[in-house]
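Next comes my_file.cif, a file with mmCIF, C-alpha atoms.
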data_final
#
loop_
_atom_site.label_atom_id
_atom_site.label_comp_id
_atom_site.auth_asym_id
_atom_site.auth_seq_id
_atom_site.Cartn_x
_atom_site.Cartn_y
_atom_site.Cartn_z
CA MET Q 1 170.67 182.36 46.87
CA GLU Q 2 167.20 181.22 46.14
CA ASN Q 3 166.78 180.08 49.71
CA LYS Q 4 167.77 183.42 51.12
CA ALA Q 5 165.50 185.27 48.74
CA ALA Q 6 162.63 183.06 49.74
CA THR Q 7 163.28 183.76 53.40
CA LYS Q 8 163.13 187.47 52.80
CA SER Q 9 159.76 187.50 51.15
CA ALA Q 10 158.11 184.64 52.93
CA THR Q 11 155.26 185.19 55.29
CA PRO Q 12 157.23 185.04 58.46
CA SER Q 13 154.42 183.92 60.73
CA HIS Q 14 154.53 180.43 59.20
CA GLY Q 15 157.38 178.08 58.72
CA ASP Q 16 159.24 178.85 55.55
CA GLU Q 17 159.01 175.29 54.27
CA HIS Q 18 155.32 175.38 54.85
CA ALA Q 19 154.64 178.59 52.98
CA HIS Q 20 156.68 177.48 49.99
CA GLY Q 21 156.15 173.75 50.05
CA HIS Q 22 153.20 173.98 47.70
CA GLY Q 23 153.74 174.59 44.06
CA PRO Q 24 151.82 174.22 40.84
CA GLY Q 25 150.22 171.08 42.24
CA ARG Q 26 148.02 172.98 44.64
CA TYR Q 27 147.02 175.51 41.97
CA PHE Q 28 146.10 172.68 39.61
CA VAL Q 29 143.93 171.03 42.24
CA ILE Q 30 142.14 174.29 43.08
CA TRP Q 31 141.62 175.01 39.38
CA PHE Q 32 140.03 171.59 38.83
CA ILE Q 33 137.81 171.99 41.88
CA LEU Q 34 136.68 175.41 40.63
CA LEU Q 35 135.85 174.00 37.20
CA GLY Q 36 133.95 171.18 38.87
CA PHE Q 37 131.91 173.60 40.95
CA THR Q 38 131.20 175.69 37.84
CA ALA Q 39 129.80 172.60 36.11
CA LEU Q 40 127.82 171.80 39.26
CA THR Q 41 126.28 175.27 39.49
CA VAL Q 42 125.27 175.21 35.80
CA TRP Q 43 123.73 171.78 36.34
CA THR Q 44 121.79 172.74 39.48
CA GLY Q 45 120.82 176.02 37.81
CA HIS Q 46 119.12 174.04 35.05
CA MET Q 47 117.02 172.10 37.50
CA ASP Q 48 113.87 173.75 38.66
CA LEU Q 49 114.23 173.55 42.41
CA GLY Q 50 112.05 176.54 43.19
CA ALA Q 51 113.14 178.40 46.28
CA ALA Q 52 116.19 176.17 46.77
CA ASN Q 53 117.87 177.41 43.56
CA LEU Q 54 119.14 180.67 45.02
CA PRO Q 55 120.68 179.27 48.24
CA ILE Q 56 122.37 176.49 46.26
CA ALA Q 57 123.83 178.94 43.73
CA ILE Q 58 125.01 181.29 46.49
CA THR Q 59 126.54 178.43 48.48
CA ILE Q 60 128.48 177.13 45.48
CA ALA Q 61 129.65 180.65 44.57
CA THR Q 62 130.77 181.23 48.16
CA ILE Q 63 132.75 177.98 48.21
CA LYS Q 64 134.42 178.91 44.91
CA ALA Q 65 135.20 182.42 46.14
CA THR Q 66 136.64 181.06 49.39
CA LEU Q 67 138.95 178.73 47.46
CA VAL Q 68 140.15 181.59 45.26
CA VAL Q 69 140.75 183.89 48.24
CA LEU Q 70 142.49 181.30 50.41
CA PHE Q 71 144.69 179.60 47.85
CA PHE Q 72 145.01 181.70 44.67
CA MET Q 73 145.22 184.92 46.69
CA HIS Q 74 147.19 183.18 49.47
CA LEU Q 75 145.09 184.55 52.28
CA SER Q 76 145.51 181.18 54.02
CA GLU Q 77 149.14 182.08 54.63
CA ALA Q 78 148.90 185.86 54.77
CA HIS Q 79 149.55 188.15 57.69
CA GLY Q 80 146.80 188.34 60.28
CA SER Q 81 146.24 192.01 59.51
CA ASN Q 82 145.53 191.29 55.83
CA ARG Q 83 143.05 188.59 56.77
CA LEU Q 84 141.40 190.95 59.22
CA VAL Q 85 140.97 193.64 56.56
CA PHE Q 86 139.34 191.30 54.10
CA VAL Q 87 137.14 189.56 56.64
CA VAL Q 88 135.95 192.92 57.97
CA SER Q 89 134.95 194.02 54.47
CA ILE Q 90 132.92 190.81 54.12
CA ILE Q 91 131.30 191.42 57.52
CA PHE Q 92 130.22 194.89 56.42
CA VAL Q 93 128.72 193.45 53.24
CA VAL Q 94 126.73 191.01 55.38
CA VAL Q 95 125.59 193.80 57.72
CA MET Q 96 124.46 195.88 54.75
CA MET Q 97 122.59 192.91 53.25
CA LEU Q 98 120.91 191.98 56.54
CA GLY Q 99 119.75 195.54 57.13
CA VAL Q 100 118.14 195.67 53.72
CA PHE Q 101 116.60 192.21 54.09
CA GLY Q 102 115.02 193.40 57.34
CA ASP Q 103 113.40 196.21 55.40
CA LEU Q 104 112.31 194.08 52.45
CA LEU Q 105 110.73 191.34 54.52
CA THR Q 106 108.77 193.61 56.81
CA ARG Q 107 107.38 196.02 54.25
CA ASN Q 108 103.84 197.13 54.16
CA PRO Q 109 102.72 195.85 50.73
CA MET Q 110 101.36 199.32 49.95
CA SER Q 111 104.88 200.70 50.03
CA LEU Q 112 106.05 198.37 47.26
CA PRO Q 113 106.78 199.77 43.82
CA SER Q 114 103.84 199.59 41.47
CA GLY Q 115 103.39 196.39 39.55
CA ALA Q 116 105.73 194.33 41.64
CA PRO Q 117 104.07 191.03 40.81
CA SER Q 118 106.05 188.90 43.22
CA PHE Q 119 103.50 189.70 45.86
CA ASP Q 120 100.46 188.18 44.31
CA VAL Q 121 98.27 188.83 47.27
CA SER Q 122 94.93 190.30 46.35
CA PRO Q 123 94.54 194.03 47.04
CA GLU Q 124 91.87 193.46 49.70
CA SER Q 125 94.07 191.17 51.74
CA HIS Q 126 96.92 193.62 51.98
CA MET Q 127 94.74 196.43 53.04
CA ALA Q 128 93.05 194.52 55.80
CA PRO Q 129 95.74 194.20 58.49
CA HIS Q 130 96.75 197.83 58.23
CA GLU Q 131 93.38 199.48 58.31
CA MET H 1 154.03 190.28 65.74
CA SER H 2 156.57 192.60 64.17
CA SER H 3 159.15 191.83 66.82
CA SER H 4 158.95 188.14 66.03
CA GLU H 5 159.52 188.96 62.37
CA ALA H 6 162.57 190.92 63.26
CA HIS H 7 163.89 187.92 65.15
CA ALA H 8 163.15 185.52 62.36
CA ILE H 9 165.02 187.46 59.71
CA ASP H 10 168.27 189.27 59.91
CA PRO H 11 167.50 192.68 58.46
CA HIS H 12 170.99 194.07 58.23
CA GLU H 13 172.25 192.22 55.26
CA GLU H 14 169.74 193.11 52.56
CA HIS H 15 169.21 196.53 54.01
CA ALA H 16 172.27 197.94 52.33
CA HIS H 17 171.81 196.13 49.03
CA ASN H 18 168.15 196.18 48.22
CA PRO H 19 167.41 198.99 45.78
CA HIS H 20 163.67 198.42 46.17
CA LEU H 21 163.63 199.40 49.83
CA ALA H 22 162.18 202.89 50.27
CA HIS H 23 164.03 205.07 52.78
CA HIS H 24 161.05 205.40 55.12
CA PHE H 25 160.94 201.66 55.83
CA ASP H 26 163.39 199.97 58.15
CA THR H 27 163.37 196.64 56.43
CA ILE H 28 162.08 195.11 53.22
CA GLU H 29 159.75 192.91 55.29
CA LYS H 30 158.04 195.92 56.79
CA GLN H 31 157.76 197.51 53.38
CA ASP H 32 156.28 194.34 51.88
CA HIS H 33 153.89 194.04 54.79
CA ALA H 34 152.72 197.64 54.29
CA ILE H 35 152.32 197.12 50.54
CA ARG H 36 150.29 193.95 50.97
CA LEU H 37 148.13 195.51 53.67
CA GLY H 38 147.45 198.48 51.38
CA MET H 39 146.46 196.14 48.58
CA TRP H 40 144.07 194.20 50.80
CA LEU H 41 142.51 197.44 52.00
CA PHE H 42 141.96 198.39 48.38
CA LEU H 43 140.47 194.98 47.63
CA GLY H 44 138.16 195.46 50.63
CA THR H 45 136.84 198.68 49.07
CA GLU H 46 136.36 196.87 45.77
CA VAL H 47 134.29 194.21 47.52
CA LEU H 48 132.09 196.93 49.01
CA LEU H 49 131.78 198.69 45.64
CA PHE H 50 130.39 195.56 44.01
CA ALA H 51 128.34 194.73 47.09
CA GLY H 52 126.25 197.87 46.39
CA LEU H 53 125.33 196.47 42.99
CA PHE H 54 124.58 193.06 44.44
CA LEU H 55 122.33 194.75 46.96
CA GLY H 56 120.42 196.57 44.22
CA TYR H 57 120.11 193.23 42.48
CA THR H 58 118.72 191.63 45.64
CA VAL H 59 116.11 194.33 46.22
CA TYR H 60 114.69 194.34 42.70
CA ARG H 61 114.90 190.60 42.36
CA HIS H 62 112.77 190.42 45.49
CA PHE H 63 110.20 192.82 44.03
CA TYR H 64 110.06 191.40 40.51
CA HIS H 65 110.89 187.80 41.18
CA HIS H 66 109.02 186.19 38.28
CA THR H 67 109.91 188.80 35.69
CA TRP H 68 113.57 188.57 36.65
CA HIS H 69 113.50 184.82 36.37
CA GLU H 70 112.13 185.17 32.83
CA ALA H 71 114.64 187.89 32.00
CA SER H 72 117.62 185.90 33.25
CA ARG H 73 116.57 183.04 30.97
CA THR H 74 117.12 185.32 27.96
CA LEU H 75 120.85 185.60 28.71
CA ASP H 76 123.11 183.20 26.87
CA LEU H 77 124.01 180.59 29.49
CA GLY H 78 126.56 178.94 27.20
CA LEU H 79 128.53 182.15 26.71
CA GLY H 80 128.24 182.99 30.42
CA ALA H 81 129.56 179.58 31.42
CA LEU H 82 132.33 179.86 28.84
CA ASN H 83 133.39 183.19 30.33
CA THR H 84 133.35 181.67 33.82
CA VAL H 85 135.71 178.92 32.69
CA VAL H 86 137.88 181.52 30.92
CA LEU H 87 138.21 183.68 34.05
CA ILE H 88 138.81 180.77 36.42
CA THR H 89 141.51 179.44 34.12
CA SER H 90 143.08 182.90 33.85
CA SER H 91 143.11 183.06 37.65
CA PHE H 92 145.01 179.79 37.63
CA THR H 93 147.52 181.02 35.03
CA VAL H 94 148.19 184.26 36.90
CA ALA H 95 148.77 182.22 40.08
CA MET H 96 151.29 180.20 38.08
CA ALA H 97 152.97 183.42 36.89
CA TYR H 98 153.38 184.39 40.55
CA TYR H 99 154.78 180.94 41.35
CA PHE H 100 157.34 181.13 38.53
CA ILE H 101 158.60 184.62 39.33
CA LYS H 102 159.03 183.59 42.96
CA LYS H 103 161.26 180.79 41.70
CA GLY H 104 163.18 183.29 39.55
CA LYS H 105 161.86 181.85 36.26
CA ALA H 106 161.06 184.98 34.28
CA GLY H 107 160.44 183.13 31.00
CA PRO H 108 157.63 180.84 32.19
CA CYS H 109 156.24 183.74 34.25
CA ALA H 110 156.02 185.92 31.14
CA ALA H 111 154.40 183.06 29.22
CA MET H 112 151.77 182.63 31.94
CA LEU H 113 151.09 186.38 31.94
CA VAL H 114 150.65 186.34 28.16
CA VAL H 115 148.17 183.47 28.48
CA THR H 116 146.29 185.38 31.21
CA ILE H 117 146.09 188.51 29.07
CA MET H 118 144.82 186.43 26.14
CA PHE H 119 142.12 184.97 28.38
CA ALA H 120 141.15 188.50 29.44
CA LEU H 121 140.79 189.40 25.75
CA VAL H 122 138.69 186.30 25.10
CA PHE H 123 136.45 187.27 28.01
CA LEU H 124 135.93 190.77 26.59
CA VAL H 125 135.23 189.48 23.09
CA VAL H 126 132.62 187.02 24.40
CA LYS H 127 131.09 189.74 26.55
CA SER H 128 130.88 192.12 23.59
CA ILE H 129 129.14 189.42 21.52
CA GLU H 130 126.56 189.10 24.31
CA TYR H 131 126.18 192.88 24.57
CA ARG H 132 125.67 193.27 20.83
CA HIS H 133 123.01 190.61 20.88
CA LYS H 134 121.20 192.42 23.72
CA PHE H 135 121.48 195.75 21.89
CA GLN H 136 119.90 194.21 18.80
CA GLU H 137 117.07 192.71 20.81
CA GLY H 138 116.40 196.00 22.55
CA ALA H 139 117.06 194.48 25.97
CA LEU H 140 118.49 197.77 27.15
CA PRO H 141 118.43 199.53 30.49
CA GLY H 142 115.75 201.95 31.63
CA GLN H 143 113.77 203.90 29.07
CA PHE H 144 115.63 202.38 26.11
CA TYR H 145 114.08 199.01 26.83
CA HIS H 146 111.99 197.63 23.99
CA PHE H 147 112.46 193.89 24.28
CA ARG H 148 109.16 192.15 23.54
CA GLU H 149 110.06 188.74 24.88
CA VAL H 150 110.00 189.81 28.52
CA PRO H 151 107.37 192.49 29.03
CA GLY H 152 106.09 193.93 32.23
CA PRO H 153 107.38 196.19 34.96
CA GLY H 154 110.73 195.28 36.38
CA ALA H 155 112.07 193.65 33.22
CA ASN H 156 114.00 196.75 32.20
CA LEU H 157 115.43 196.89 35.74
CA PHE H 158 116.94 193.45 35.23
CA TYR H 159 118.84 194.69 32.21
CA THR H 160 119.80 197.89 34.03
CA VAL H 161 121.42 195.83 36.78
CA TYR H 162 122.83 193.41 34.20
CA PHE H 163 124.55 196.16 32.22
CA LEU H 164 125.73 198.06 35.30
CA ALA H 165 127.16 195.00 37.03
CA THR H 166 128.74 193.36 33.99
CA GLY H 167 129.83 196.77 32.66
CA LEU H 168 131.61 197.66 35.89
CA HIS H 169 133.10 194.18 35.92
CA ALA H 170 134.23 194.49 32.29
CA PHE H 171 135.85 197.80 33.19
CA HIS H 172 137.75 195.93 35.91
CA VAL H 173 138.78 193.32 33.36
CA ILE H 174 140.20 196.10 31.15
CA VAL H 175 142.04 197.69 34.10
CA GLY H 176 143.32 194.30 35.27
CA MET H 177 144.49 193.47 31.77
CA SER H 178 146.34 196.80 31.53
CA ILE H 179 148.04 196.15 34.87
CA LEU H 180 149.08 192.67 33.74
CA ILE H 181 150.47 194.09 30.48
CA TRP H 182 152.54 196.55 32.50
CA VAL H 183 153.72 193.72 34.77
CA LEU H 184 154.55 191.60 31.71
CA VAL H 185 156.69 194.38 30.23
CA ARG H 186 158.60 194.65 33.51
CA VAL H 187 159.05 190.89 33.69
CA LEU H 188 160.46 190.92 30.15
CA LYS H 189 162.81 193.74 31.09
CA GLY H 190 164.09 191.56 33.91
CA HIS H 191 162.95 193.82 36.73
CA PHE H 192 161.88 191.00 39.01
CA SER H 193 163.71 188.35 40.94
CA PRO H 194 162.93 185.97 43.80
CA SER H 195 163.78 188.84 46.14
CA TYR H 196 161.51 191.37 44.44
CA TYR H 197 158.26 190.41 42.75
CA ILE H 198 155.65 192.52 44.56
CA PRO H 199 154.09 194.00 41.36
CA VAL H 200 153.51 190.49 39.95
CA GLU H 201 151.88 189.48 43.22
CA LEU H 202 149.63 192.55 43.45
CA GLY H 203 148.69 192.46 39.76
CA GLY H 204 147.74 188.84 40.34
CA LEU H 205 145.67 189.75 43.42
CA TYR H 206 143.73 192.33 41.42
CA TRP H 207 143.11 189.78 38.70
CA HIS H 208 141.84 187.24 41.24
CA LEU H 209 139.40 189.87 42.50
CA VAL H 210 138.03 190.25 38.97
CA ASP H 211 137.52 186.48 38.93
CA LEU H 212 135.94 186.61 42.39
CA VAL H 213 133.31 189.14 41.34
CA TRP H 214 132.43 187.12 38.27
CA ILE H 215 132.04 183.96 40.39
CA PHE H 216 129.07 185.71 42.04
CA LEU H 217 127.76 187.57 39.00
CA PHE H 218 127.53 184.47 36.83
CA PRO H 219 125.02 182.43 38.89
CA LEU H 220 123.02 185.47 39.99
CA LEU H 221 122.52 186.81 36.46
CA TYR H 222 122.52 183.69 34.28
CA LEU H 223 121.20 180.91 36.45
CA ILE H 224 118.54 182.27 38.74
#
Please go through the file and, once you have read it, give me the structure as structure tokens.
Amino acid sequence: MENKAATKSATPSHGDEHAHGHGPGRYFVIWFILLGFTALTVWTGHMDLGAANLPIAITIATIKATLVVLFFMHLSEAHGSNRLVFVVSIIFVVVMMLGVFGDLLTRNPMSLPSGAPSFDVSPESHMAPHE
Amino acid sequence: MSSSEAHAIDPHEEHAHNPHLAHHFDTIEKQDHAIRLGMWLFLGTEVLLFAGLFLGYTVYRHFYHHTWHEASRTLDLGLGALNTVVLITSSFTVAMAYYFIKKGKAGPCAAMLVVTIMFALVFLVVKSIEYRHKFQEGALPGQFYHFREVPGPGANLFYTVYFLATGLHAFHVIVGMSILIWVLVRVLKGHFSPSYYIPVELGGLYWHLVDLVWIFLFPLLYLI
């Protein structure tokens, strides 16, 4: 009875044994890896690596998120259409981010909000190229 | 794709018996497929909802880089890391609940759901401790900001984004917890079996999304 029930609800695109061969073992492994990456990101966050801090943190978060999506949320064995939906939403996030980065990185310093101290260029030097 | 499914499974047998099959679906497989697709579409919109906040974060972090660095150091890293561990572990326990109900083990499934709900409560309690601390310090959004430790323009924007992002996330924790309580009640009533466990699966998916958002919020707010 259990076999038949499993057949009904399995993801049919994969072999049934395959989709159901993993059990708590895989979840345990993923959980441990996630905890490990959490410790790693706290550790690297403590170090002062300057500009490298952000890419490292984002990379670790992306790896963790990918593990959750693929194995806890079972996207690794989901229907193609479900994968497509999720991947497309990620693509649109990336498009949105890239568009805004393009704006941020090419701004005339005069169009920045007042007192944005990240651009510690002296006032004379930002005027010059645009005059 | 759907034709190969139809070949793989004989639809006639459960068709007559399955009380969960809505009349407008031919087979339970098609119904399950539609339900899962709908859930993933919803999760896609959730990703885009949070992406807007992450984008706001990116823009103002770019403008007020140094101030934001200072401001993020005022958050309690210990409590943030604790909450990360809590959510990741709750993601694991809800995955186990899904595993057990698929095997027809309602008891262990209910136990795992109870543990998950407890973790959700722990998360909210820890978050509220952090919030209360920020309220007392005056590290509040916008015009209510009067936190002396991090002065300067842009500092109040950090706390605006902090409260908006973690607030929206905490709201999702509350919603996810409510869904899991509803699922738990149905598990205890014996509504689910290895042939029908879609609500456990979808409740779990929503909960994983809550974890997913926090995986990005934690380093961006506490570590950078």
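Nearest to chain Q of all the residues H:Leu79, H:Ile181, H:Met96, H:Leu53 is H:Met96, counting only C-alpha atoms.
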Identify all residues satisfying the PyMOL selection byres ((chain H and resi 215) around 10) in the given file; provide them as a VMD selection string. (chain Q and resid 34 38 58 60 to 65 68) or (chain H and resid 84 to 85 87 to 88 209 to 214 216 to 220)
Go through H:Phe135, H:Tyr98, H:Tyr162, H:Tyr222 one by one, measure the shortest atom-to-atom distance of each to Leu54 in chain Q using only C-alpha atoms, and give the residue with the smallest value. H:Tyr222
For the file shown, report as a PyMOL selection string the outcome of the PyMOL selection byres ((chain H and resi 93) around 8) at residue level. chain H and resi 89-92+94-97+112-113+115-116
Using only C-alpha atoms, can you tell me which of H:Val185, H:Val175, H:Met39, H:Ala81 comes closest to Trp43 in chain Q? H:Ala81
Atoms added to range 116-136 of chain H (N, CA, C and O atoms), reported as an mmCIF file, in the frame of the given file:
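The resulting file, part39.cif, is reproduced below:
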data_model
loop_
_atom_site.group_PDB
_atom_site.id
_atom_site.type_symbol
_atom_site.label_atom_id
_atom_site.label_comp_id
_atom_site.auth_asym_id
_atom_site.auth_seq_id
_atom_site.Cartn_x
_atom_site.Cartn_y
_atom_site.Cartn_z
ATOM 1 N N THR H 116 147.327 184.701 30.409
ATOM 2 C CA THR H 116 146.290 185.380 31.210
ATOM 3 C C THR H 116 145.695 186.548 30.449
ATOM 4 O O THR H 116 144.473 186.744 30.422
ATOM 5 N N ILE H 117 146.564 187.341 29.814
ATOM 6 C CA ILE H 117 146.090 188.510 29.070
ATOM 7 C C ILE H 117 145.232 188.068 27.881
ATOM 8 O O ILE H 117 144.209 188.685 27.566
ATOM 9 N N MET H 118 145.637 186.947 27.247
ATOM 10 C CA MET H 118 144.820 186.430 26.140
ATOM 11 C C MET H 118 143.440 186.008 26.643
ATOM 12 O O MET H 118 142.425 186.276 25.989
ATOM 13 N N PHE H 119 143.409 185.372 27.798
ATOM 14 C CA PHE H 119 142.120 184.970 28.380
ATOM 15 C C PHE H 119 141.258 186.207 28.670
ATOM 16 O O PHE H 119 140.043 186.187 28.462
ATOM 17 N N ALA H 120 141.894 187.264 29.158
ATOM 18 C CA ALA H 120 141.150 188.500 29.440
ATOM 19 C C ALA H 120 140.531 189.028 28.150
ATOM 20 O O ALA H 120 139.368 189.454 28.129
ATOM 21 N N LEU H 121 141.309 188.956 27.042
ATOM 22 C CA LEU H 121 140.790 189.400 25.750
ATOM 23 C C LEU H 121 139.624 188.536 25.306
ATOM 24 O O LEU H 121 138.604 189.053 24.829
ATOM 25 N N VAL H 122 139.772 187.220 25.469
ATOM 26 C CA VAL H 122 138.690 186.300 25.100
ATOM 27 C C VAL H 122 137.429 186.665 25.879
ATOM 28 O O VAL H 122 136.326 186.743 25.319
ATOM 29 N N PHE H 123 137.601 186.910 27.176
ATOM 30 C CA PHE H 123 136.450 187.270 28.010
ATOM 31 C C PHE H 123 135.737 188.495 27.436
ATOM 32 O O PHE H 123 134.518 188.524 27.304
ATOM 33 N N LEU H 124 136.530 189.527 27.091
ATOM 34 C CA LEU H 124 135.930 190.770 26.590
ATOM 35 C C LEU H 124 135.243 190.564 25.249
ATOM 36 O O LEU H 124 134.173 191.138 25.001
ATOM 37 N N VAL H 125 135.840 189.740 24.399
ATOM 38 C CA VAL H 125 135.230 189.480 23.090
ATOM 39 C C VAL H 125 133.879 188.774 23.285
ATOM 40 O O VAL H 125 132.862 189.171 22.701
ATOM 41 N N VAL H 126 133.873 187.751 24.146
ATOM 42 C CA VAL H 126 132.620 187.020 24.400
ATOM 43 C C VAL H 126 131.574 187.959 24.984
ATOM 44 O O VAL H 126 130.408 187.957 24.581
ATOM 45 N N LYS H 127 132.019 188.792 25.921
ATOM 46 C CA LYS H 127 131.090 189.740 26.550
ATOM 47 C C LYS H 127 130.513 190.697 25.502
ATOM 48 O O LYS H 127 129.323 191.031 25.542
ATOM 49 N N SER H 128 131.365 191.155 24.579
ATOM 50 C CA SER H 128 130.880 192.120 23.590
ATOM 51 C C SER H 128 129.901 191.448 22.625
ATOM 52 O O SER H 128 128.957 192.089 22.153
ATOM 53 N N ILE H 129 130.113 190.149 22.355
ATOM 54 C CA ILE H 129 129.140 189.420 21.520
ATOM 55 C C ILE H 129 127.786 189.402 22.229
ATOM 56 O O ILE H 129 126.738 189.674 21.623
ATOM 57 N N GLU H 130 127.810 189.126 23.544
ATOM 58 C CA GLU H 130 126.560 189.100 24.310
ATOM 59 C C GLU H 130 125.907 190.477 24.319
ATOM 60 O O GLU H 130 124.694 190.603 24.159
ATOM 61 N N TYR H 131 126.715 191.509 24.525
ATOM 62 C CA TYR H 131 126.180 192.880 24.570
ATOM 63 C C TYR H 131 125.522 193.234 23.237
ATOM 64 O O TYR H 131 124.433 193.796 23.199
ATOM 65 N N ARG H 132 126.200 192.885 22.129
ATOM 66 C CA ARG H 132 125.670 193.270 20.830
ATOM 67 C C ARG H 132 124.330 192.595 20.584
ATOM 68 O O ARG H 132 123.389 193.192 20.060
ATOM 69 N N HIS H 133 124.266 191.343 21.019
ATOM 70 C CA HIS H 133 123.010 190.610 20.880
ATOM 71 C C HIS H 133 121.892 191.302 21.665
ATOM 72 O O HIS H 133 120.778 191.465 21.167
ATOM 73 N N LYS H 134 122.208 191.743 22.894
ATOM 74 C CA LYS H 134 121.200 192.420 23.720
ATOM 75 C C LYS H 134 120.799 193.762 23.102
ATOM 76 O O LYS H 134 119.638 194.155 23.146
ATOM 77 N N PHE H 135 121.784 194.463 22.533
ATOM 78 C CA PHE H 135 121.480 195.750 21.890
ATOM 79 C C PHE H 135 120.495 195.533 20.754
ATOM 80 O O PHE H 135 119.540 196.283 20.572
ATOM 81 N N GLN H 136 120.766 194.471 19.952
ATOM 82 C CA GLN H 136 119.900 194.210 18.800
ATOM 83 C C GLN H 136 118.483 193.850 19.218
ATOM 84 O O GLN H 136 117.518 194.225 18.584
#
